[in-house]
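The data block below is model.txt; it holds compact mmCIF, C-alpha atoms and all ligand atoms.
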```
# COMPACT_ATOMS: atom_id res chain seq x y z
CA MET A 25 -39.42 35.90 -48.19
CA LYS A 26 -36.49 38.25 -48.38
CA LYS A 27 -37.19 39.33 -44.85
CA PHE A 28 -37.15 35.73 -43.67
CA LEU A 29 -33.81 35.06 -45.39
CA CYS A 30 -32.38 38.12 -43.76
CA ILE A 31 -33.43 37.00 -40.29
CA ALA A 32 -32.07 33.49 -40.92
CA LEU A 33 -28.74 34.90 -42.02
CA ALA A 34 -28.57 37.15 -39.00
CA VAL A 35 -29.24 34.20 -36.71
CA ILE A 36 -26.54 32.07 -38.37
CA LEU A 37 -24.07 34.93 -38.10
CA THR A 38 -24.77 35.52 -34.41
CA VAL A 39 -24.49 31.84 -33.56
CA SER A 40 -21.17 31.43 -35.32
CA MET A 41 -19.80 34.61 -33.77
CA VAL A 42 -20.70 33.38 -30.28
CA ALA A 43 -19.13 30.02 -31.02
CA ALA A 44 -15.96 31.60 -32.37
CA PHE A 45 -15.72 33.82 -29.30
CA ALA A 46 -16.19 30.87 -26.95
CA ALA A 47 -13.51 28.85 -28.74
CA CYS A 48 -11.19 31.81 -28.56
CA SER A 49 -11.59 32.38 -24.84
CA LYS A 50 -11.17 28.65 -24.15
CA ASP A 51 -7.89 28.76 -26.05
CA ASN A 52 -6.84 31.66 -23.92
CA LYS A 53 -7.57 29.87 -20.70
CA GLU A 54 -5.55 26.86 -21.79
CA THR A 55 -2.57 28.98 -22.68
CA THR A 56 -2.70 30.68 -19.29
CA ALA A 57 -2.82 27.32 -17.48
CA ALA A 58 0.13 26.02 -19.48
CA THR A 59 2.17 29.13 -18.74
CA GLU A 60 1.39 28.83 -15.04
CA ALA A 61 2.49 25.20 -14.93
CA THR A 62 5.87 26.03 -16.34
CA THR A 63 6.44 29.14 -14.28
CA THR A 64 5.41 27.91 -10.80
CA GLU A 65 7.19 24.52 -11.13
CA ALA A 66 4.52 22.80 -9.00
CA LYS A 67 5.80 19.31 -8.18
CA GLU A 68 3.74 16.41 -9.40
CA THR A 69 2.32 14.45 -6.48
CA LEU A 70 2.92 10.75 -5.91
CA VAL A 71 0.00 9.40 -3.92
CA MET A 72 0.88 6.30 -1.93
CA ALA A 73 -1.78 4.27 -0.16
CA THR A 74 -0.73 2.37 2.95
CA ASN A 75 -2.15 0.96 6.16
CA ALA A 76 -0.08 2.59 8.89
CA GLU A 77 -0.68 -0.09 11.52
CA PHE A 78 2.31 -2.20 10.59
CA PRO A 79 5.50 -1.33 12.45
CA PRO A 80 8.34 -1.07 11.44
CA TYR A 81 7.14 -0.68 7.82
CA GLU A 82 4.53 2.00 8.47
CA PHE A 83 3.17 3.42 11.69
CA HIS A 84 2.11 6.68 13.29
CA GLU A 85 4.60 8.80 15.18
CA GLY A 86 2.64 11.78 16.47
CA ASP A 87 0.76 13.05 13.46
CA LYS A 88 3.32 11.67 11.01
CA ILE A 89 3.45 8.35 9.20
CA VAL A 90 6.96 6.92 9.47
CA GLY A 91 8.68 3.60 8.88
CA ILE A 92 10.65 1.70 6.26
CA ASP A 93 8.04 2.04 3.49
CA ALA A 94 7.42 5.73 4.21
CA GLU A 95 11.15 6.49 4.02
CA ILE A 96 11.83 4.42 0.90
CA ALA A 97 8.82 6.07 -0.79
CA GLN A 98 10.14 9.50 0.20
CA ALA A 99 13.56 8.67 -1.26
CA ILE A 100 11.88 7.51 -4.49
CA ALA A 101 9.78 10.69 -4.69
CA ASP A 102 12.87 12.83 -4.09
CA LYS A 103 14.70 11.08 -6.92
CA LEU A 104 11.75 11.61 -9.26
CA GLY A 105 11.30 15.25 -8.19
CA MET A 106 7.78 14.43 -7.00
CA GLU A 107 5.89 15.33 -3.86
CA LEU A 108 4.97 12.28 -1.76
CA LYS A 109 1.48 12.17 -0.27
CA ILE A 110 0.65 9.23 2.02
CA GLU A 111 -2.96 8.09 2.44
CA ASP A 112 -3.63 5.85 5.43
CA VAL A 113 -6.44 3.40 4.57
CA GLN A 114 -7.64 -0.09 5.48
CA PHE A 115 -5.27 -2.74 4.14
CA ASP A 116 -7.97 -4.35 2.01
CA SER A 117 -8.83 -1.08 0.25
CA ILE A 118 -5.29 -0.47 -1.05
CA ILE A 119 -5.49 -2.72 -4.13
CA PRO A 120 -9.07 -1.70 -5.08
CA GLY A 121 -8.03 1.97 -4.69
CA VAL A 122 -5.00 1.48 -6.93
CA GLN A 123 -7.19 -0.29 -9.49
CA ALA A 124 -9.65 2.63 -9.37
CA LYS A 125 -6.71 5.07 -9.83
CA LYS A 126 -7.52 6.74 -6.50
CA TYR A 127 -3.86 6.20 -5.54
CA ASP A 128 -0.77 6.08 -7.74
CA MET A 129 0.71 3.17 -5.83
CA GLY A 130 0.25 0.95 -2.82
CA MET A 131 3.13 0.33 -0.42
CA ALA A 132 2.34 -1.50 2.79
CA GLY A 133 4.75 -4.34 3.43
CA MET A 134 2.65 -5.89 0.71
CA THR A 135 3.44 -9.43 -0.37
CA VAL A 136 3.61 -10.30 -4.06
CA THR A 137 1.09 -13.10 -4.74
CA LYS A 138 -0.22 -14.70 -7.94
CA GLU A 139 -3.79 -13.65 -7.09
CA ARG A 140 -2.83 -10.02 -6.49
CA GLN A 141 -0.84 -10.00 -9.73
CA GLU A 142 -4.14 -10.52 -11.53
CA SER A 143 -5.33 -7.15 -10.21
CA VAL A 144 -2.16 -5.03 -10.02
CA ASN A 145 1.45 -4.92 -11.17
CA PHE A 146 4.29 -5.21 -8.66
CA SER A 147 7.61 -3.34 -8.60
CA THR A 148 10.98 -4.90 -7.97
CA SER A 149 10.91 -6.43 -4.50
CA TYR A 150 12.65 -4.34 -1.81
CA ALA A 151 12.29 -6.60 1.26
CA LYS A 152 11.51 -10.11 2.44
CA GLY A 153 8.89 -11.07 4.94
CA VAL A 154 8.04 -14.25 6.79
CA GLN A 155 4.65 -15.20 8.19
CA VAL A 156 5.13 -16.24 11.80
CA VAL A 157 2.90 -17.39 14.62
CA ILE A 158 2.62 -15.39 17.85
CA ILE A 159 1.61 -17.48 20.85
CA LYS A 160 1.44 -17.10 24.61
CA GLU A 161 4.63 -18.12 26.41
CA ASN A 162 2.83 -21.02 28.08
CA SER A 163 1.03 -22.17 24.92
CA ASP A 164 0.70 -25.85 24.01
CA ILE A 165 1.25 -24.93 20.34
CA LYS A 166 4.71 -26.28 19.46
CA SER A 167 4.53 -26.59 15.67
CA ILE A 168 2.47 -25.47 12.67
CA ASP A 169 0.62 -28.81 12.85
CA ASP A 170 -0.62 -27.93 16.33
CA LEU A 171 -2.57 -25.02 14.81
CA LYS A 172 -5.25 -27.45 13.62
CA GLY A 173 -8.50 -26.67 15.39
CA LYS A 174 -7.02 -23.67 17.22
CA LYS A 175 -8.51 -20.18 17.09
CA ILE A 176 -6.25 -18.14 14.79
CA GLY A 177 -6.22 -14.34 14.72
CA VAL A 178 -5.18 -12.49 11.53
CA GLN A 179 -5.34 -9.05 9.89
CA THR A 180 -8.12 -9.04 7.28
CA SER A 181 -7.05 -9.81 3.70
CA THR A 182 -3.36 -10.16 4.51
CA THR A 183 -1.45 -13.20 3.34
CA GLY A 184 -1.59 -14.48 6.93
CA ASP A 185 -5.38 -14.44 6.58
CA ILE A 186 -5.36 -16.02 3.11
CA TYR A 187 -2.91 -18.85 3.92
CA ALA A 188 -4.42 -19.65 7.33
CA THR A 189 -7.94 -19.72 5.87
CA ASP A 190 -6.74 -22.16 3.19
CA ASP A 191 -4.81 -24.38 5.58
CA PHE A 192 -6.98 -24.38 8.71
CA GLY A 193 -10.49 -23.43 7.55
CA GLU A 194 -12.52 -20.23 7.66
CA GLU A 195 -14.32 -21.36 10.86
CA ASN A 196 -11.05 -21.23 12.82
CA ILE A 197 -10.03 -17.74 11.69
CA THR A 198 -10.88 -14.48 13.43
CA LYS A 199 -10.18 -11.38 11.33
CA PHE A 200 -9.07 -8.05 12.80
CA ASP A 201 -8.56 -4.59 11.29
CA ASN A 202 -4.89 -4.64 12.27
CA GLY A 203 -2.20 -6.72 13.92
CA ALA A 204 -2.28 -4.78 17.19
CA MET A 205 -5.96 -5.64 17.66
CA ALA A 206 -5.31 -9.30 16.83
CA THR A 207 -2.51 -9.32 19.41
CA GLN A 208 -4.79 -7.76 22.04
CA ALA A 209 -7.27 -10.58 21.41
CA LEU A 210 -4.45 -13.09 21.98
CA VAL A 211 -3.48 -11.40 25.25
CA ALA A 212 -7.15 -11.49 26.31
CA GLY A 213 -7.39 -15.19 25.45
CA LYS A 214 -9.97 -14.71 22.69
CA VAL A 215 -7.70 -16.39 20.11
CA ASP A 216 -4.93 -18.98 20.61
CA CYS A 217 -2.39 -17.43 18.25
CA VAL A 218 -1.86 -14.67 15.67
CA ILE A 219 -0.39 -15.27 12.21
CA ILE A 220 1.36 -12.16 10.91
CA ASP A 221 4.59 -10.89 9.30
CA ASN A 222 7.74 -11.38 11.39
CA GLU A 223 8.82 -7.77 11.92
CA PRO A 224 5.43 -6.46 13.13
CA ALA A 225 5.22 -9.66 15.21
CA LYS A 226 8.49 -8.77 16.99
CA ASN A 227 7.05 -5.31 17.72
CA TYR A 228 3.83 -6.74 19.18
CA VAL A 229 5.69 -9.30 21.29
CA ALA A 230 7.99 -6.58 22.66
CA ALA A 231 5.00 -4.38 23.49
CA ASN A 232 3.10 -7.08 25.41
CA GLU A 233 3.91 -9.32 28.39
CA GLY A 234 3.86 -13.10 28.08
CA LEU A 235 4.02 -13.53 24.30
CA LYS A 236 6.55 -15.22 22.03
CA ILE A 237 7.04 -16.16 18.39
CA LEU A 238 6.85 -19.84 17.42
CA GLU A 239 10.31 -21.07 16.34
CA THR A 240 9.18 -22.53 13.02
CA SER A 241 8.11 -19.87 10.55
CA TYR A 242 5.09 -20.35 8.33
CA VAL A 243 5.52 -18.85 4.83
CA GLU A 244 8.29 -16.74 3.25
CA GLU A 245 7.43 -13.88 0.92
CA ASP A 246 8.60 -10.82 -1.05
CA TYR A 247 7.38 -7.27 -0.44
CA ALA A 248 6.86 -4.91 -3.37
CA ILE A 249 4.99 -1.76 -4.40
CA CYS A 250 1.77 -2.23 -6.40
CA PHE A 251 0.56 -0.16 -9.35
CA ASN A 252 -2.44 0.11 -11.61
CA LYS A 253 -1.90 -2.28 -14.52
CA GLU A 254 -2.28 0.58 -17.00
CA ASN A 255 0.28 2.80 -15.33
CA THR A 256 3.45 1.05 -16.50
CA GLU A 257 5.08 4.42 -17.16
CA LEU A 258 5.03 5.35 -13.47
CA MET A 259 6.03 1.84 -12.41
CA ASP A 260 9.05 1.94 -14.73
CA LYS A 261 10.17 5.28 -13.26
CA VAL A 262 9.68 4.08 -9.68
CA ASN A 263 11.47 0.80 -10.43
CA LYS A 264 14.46 2.64 -11.82
CA ALA A 265 14.65 4.89 -8.74
CA LEU A 266 14.10 1.95 -6.38
CA GLU A 267 16.78 -0.16 -8.05
CA GLU A 268 19.24 2.73 -7.73
CA LEU A 269 18.35 3.11 -4.05
CA ILE A 270 18.90 -0.61 -3.50
CA ALA A 271 22.23 -0.53 -5.39
CA ASP A 272 23.64 2.49 -3.54
CA GLY A 273 22.73 1.10 -0.12
CA THR A 274 20.02 3.65 0.75
CA VAL A 275 17.35 0.97 1.17
CA LYS A 276 19.61 -1.04 3.48
CA THR A 277 20.39 2.04 5.58
CA ILE A 278 16.66 2.71 5.98
CA VAL A 279 15.92 -0.92 6.87
CA ASP A 280 18.79 -1.02 9.40
CA LYS A 281 17.50 2.13 11.04
CA TYR A 282 14.21 0.39 11.87
CA ILE A 283 15.28 -3.25 12.21
CA LYS A 284 18.05 -3.87 14.67
CA ALA A 285 19.99 -7.07 14.01
CA ASP A 286 19.04 -9.68 16.63
N1 LIG B 301 2.61 -8.93 3.99
C1 LIG B 301 1.22 -9.12 4.29
C2 LIG B 301 0.40 -9.01 3.03
O1 LIG B 301 0.82 -8.50 2.05
C3 LIG B 301 0.70 -8.14 5.33
C4 LIG B 301 0.81 -6.71 4.99
C5 LIG B 301 0.06 -5.81 5.95
N2 LIG B 301 0.46 -4.45 5.78
C6 LIG B 301 -0.03 -3.42 6.46
N3 LIG B 301 0.49 -2.25 6.23
N4 LIG B 301 -0.99 -3.56 7.30
O2 LIG B 301 -0.74 -9.43 3.00
```
Turn this file's structure into C-alpha cells for me.
Ligand code: ARG
Amino acid sequence: MKKFLCIALAVILTVSMVAAFAACSKDNKETTAATEATTTEAKETLVMATNAEFPPYEFHEGDKIVGIDAEIAQAIADKLGMELKIEDVQFDSIIPGVQAKKYDMGMAGMTVTKERQESVNFSTSYAKGVQVVIIKENSDIKSIDDLKGKKIGVQTSTTGDIYATDDFGEENITKFDNGAMATQALVAGKVDCVIIDNEPAKNYVAANEGLKILETSYVEEDYAICFNKENTELMDKVNKALEELIADGTVKTIVDKYIKAD
C-alpha cells in the first residue's frame, strides 16, 4: 500500500512539473514575440480587395494596380501608418470576402446600396457614379425606354446588372466578368448595349471604334469603401483619414489626375 502511494505521488509530481515547465516556456515565447513587435516596428497591413478591371478607379499598369481607388487607399494607409496590400479578385467575391474577414476592406468603385448595407458597412462616400448605356454609334436605341427587349450586357453583380435585371428582365441580360469583355461583346454585335458606370464607360468608348454613350443617364449613385460589420474600429479610423483627405483636397487631386474635365 505504501509503495502504491509512493508511486502515485511520484506520478502526480512529475505531471505537475511538466505542466509547470510547459507553462513557463509558453510565457517565455510570448514575451519574446511581444518584444520583437515593439522593436522591429512592423507596420500593420491593410488588406484591400478590389476588381482591377475598372478604369480609372482601378486597373493594371504593368504589374501594378493603379487608379483613383488605389491612390486614395494608399493615402489612407499612409495616414494610418499601415502597409497597403491590394488583392485583385472577382467583383462579386469582394463583399463575401470582407464578410469572411479575408480582407479588411473592399474598395472598387463600389456603390452604396440598401441590399449591400445588410451585409457590410460603408464608409463616407468619396465619389459619385452614374450608370450609363454604351451603344453603337448607329444604334436605334435613343432612350432608356428603347432598352425594352434589347440584349443588355453588364458586369456580374454590379449595380448595372442588378438594376437592369429588375427593369428589363433576367432573360435580356448577359453577364460578363468585367466591363471590357461586355464592351467587346457589344463591338462584336452579341449584345445591343452595355450598362456600366460612366467613367469606365468613357474609357471603353475611347478604346473602341464606333461606340458612344447614350445621352440620358440611367441611375446615379455614391461610391464608398465597405467593411465587415464587426470591424467598426477600423472603419472609424479609415473614415477619419478619408474625411481629412477629402477636406484637404487630396482626394480631388487624385480624381483630377485620372479624370480630365470634359
Ligand atoms: N459601381 C458599380 C457597383 O458597385 C460597379 C463597380 C464595379 N467595380 C469594379 N472594380 N469592377 O456595383
Query - 12 Å contact set for Glu267 (chain A), only C-alpha atoms, chain neighbours under 3 positions out, as an MDAnalysis selection string - result: chainID A and resid 96 99:100 103 147:150 248 259:264 270:276
Requested in this report: To one decimal in Å, tell me the separation between CA of Met106 (chain A) and CA of Ala66 (chain A).
Outcome: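 Separation of CA of Met106 (chain A) and CA of Ala66 (chain A): 9.2 Å.
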Report task. Mind checking which residues fall within 10 Å of region 153-156 of chain A, counting all atoms listed in the file, ignoring those fewer than 4 positions away in the same chain, and posting them as a ChimeraX atom specification? Result -> /A:133-135,168,183-184,187,217-226,237-247
**Report entry** Atomic distance CA of Ile119 (chain A) - CA of Cys250 (chain A), expressed in Å with one decimal
**Finding:**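 So the two atoms, CA of Ile119 (chain A) and CA of Cys250 (chain A), lie 7.6 Å apart.
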Report task. Can you pull out every residue within 7 Å of Asp93 (chain A), counting all atoms listed in the file, but drop anything in the same chain fewer than 5 positions away, and send it as a VMD selection string? Result -> chain A and resid 81 to 82 131 to 132
**Report entry** Which of A:Asp190, A:Asn75, A:Ser163, A:Leu258 sits closest to Gly213 (chain A) [using all atoms listed in the file]
**Finding:**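 Once distances to Gly213 (chain A) are computed over all atoms listed in the file, the minimum belongs to A:Ser163.
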Requested in this report: For Gln141 (chain A), list every protein, DNA or RNA residue within 10 Å, evaluated using only C-alpha atoms, and leave out those in the same chain fewer than 4 positions away; present the list as an MDAnalysis selection string.
Outcome: chainID A and resid 136:137 145:146 250:251 253
Query raised in the report: Between A:Asn162, A:Ser167, A:Thr189, A:Asn252, which is the closest to Leu235 (chain A) once you count all atoms listed in the file?
Result: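 Of A:Asn162, A:Ser167, A:Thr189, A:Asn252, the one nearest Leu235 (chain A) is A:Asn162, counting all atoms listed in the file.
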Query raised in the report: Hey, which of A:Ile278, A:Ile249, A:Leu171, A:Ala101 ends up closest to ligand LIG 301 (chain B)? Count all atoms listed in the file.
Result: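 Once distances to ligand LIG 301 (chain B) are computed over all atoms listed in the file, the minimum belongs to A:Ile249.
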Query raised in the report: So what do you get for CA of Ala285 (chain A) versus CA of Asp185 (chain A), distance-wise?
Result: 27.4 Å
Region 197-207 of chain A environment, 7 Å, only C-alpha atoms, sequence neighbours closer than 5 positions dropped, as a PDB file with C-alpha atoms, in the frame of the given file:
```pdb
ATOM      1  CA  GLU A  77      -0.680  -0.090  11.520  1.00  0.00           C
ATOM      2  CA  LYS A 175      -8.510 -20.180  17.090  1.00  0.00           C
ATOM      3  CA  ILE A 176      -6.250 -18.140  14.790  1.00  0.00           C
ATOM      4  CA  GLY A 177      -6.220 -14.340  14.720  1.00  0.00           C
ATOM      5  CA  VAL A 178      -5.180 -12.490  11.530  1.00  0.00           C
ATOM      6  CA  GLN A 179      -5.340  -9.050   9.890  1.00  0.00           C
ATOM      7  CA  THR A 180      -8.120  -9.040   7.280  1.00  0.00           C
ATOM      8  CA  THR A 189      -7.940 -19.720   5.870  1.00  0.00           C
ATOM      9  CA  VAL A 218      -1.860 -14.670  15.670  1.00  0.00           C
ATOM     10  CA  TYR A 228       3.830  -6.740  19.180  1.00  0.00           C
TER      11      TYR A 228
END
```
**Report entry** Shortest interatomic distance to ligand LIG 301 (chain B) - which of A:Ser143, A:Gln123, A:Ser181, A:Thr69, counting only C-alpha atoms and all ligand atoms
**Finding:**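 Ranked by minimum distance to ligand LIG 301 (chain B), first place goes to A:Ser181.
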**Report entry** From A:Ala97, A:Ala124, A:Ile186, A:Val211, residue lying nearest ligand LIG 301 (chain B) [all atoms listed in the file]
**Finding:** A:Ile186
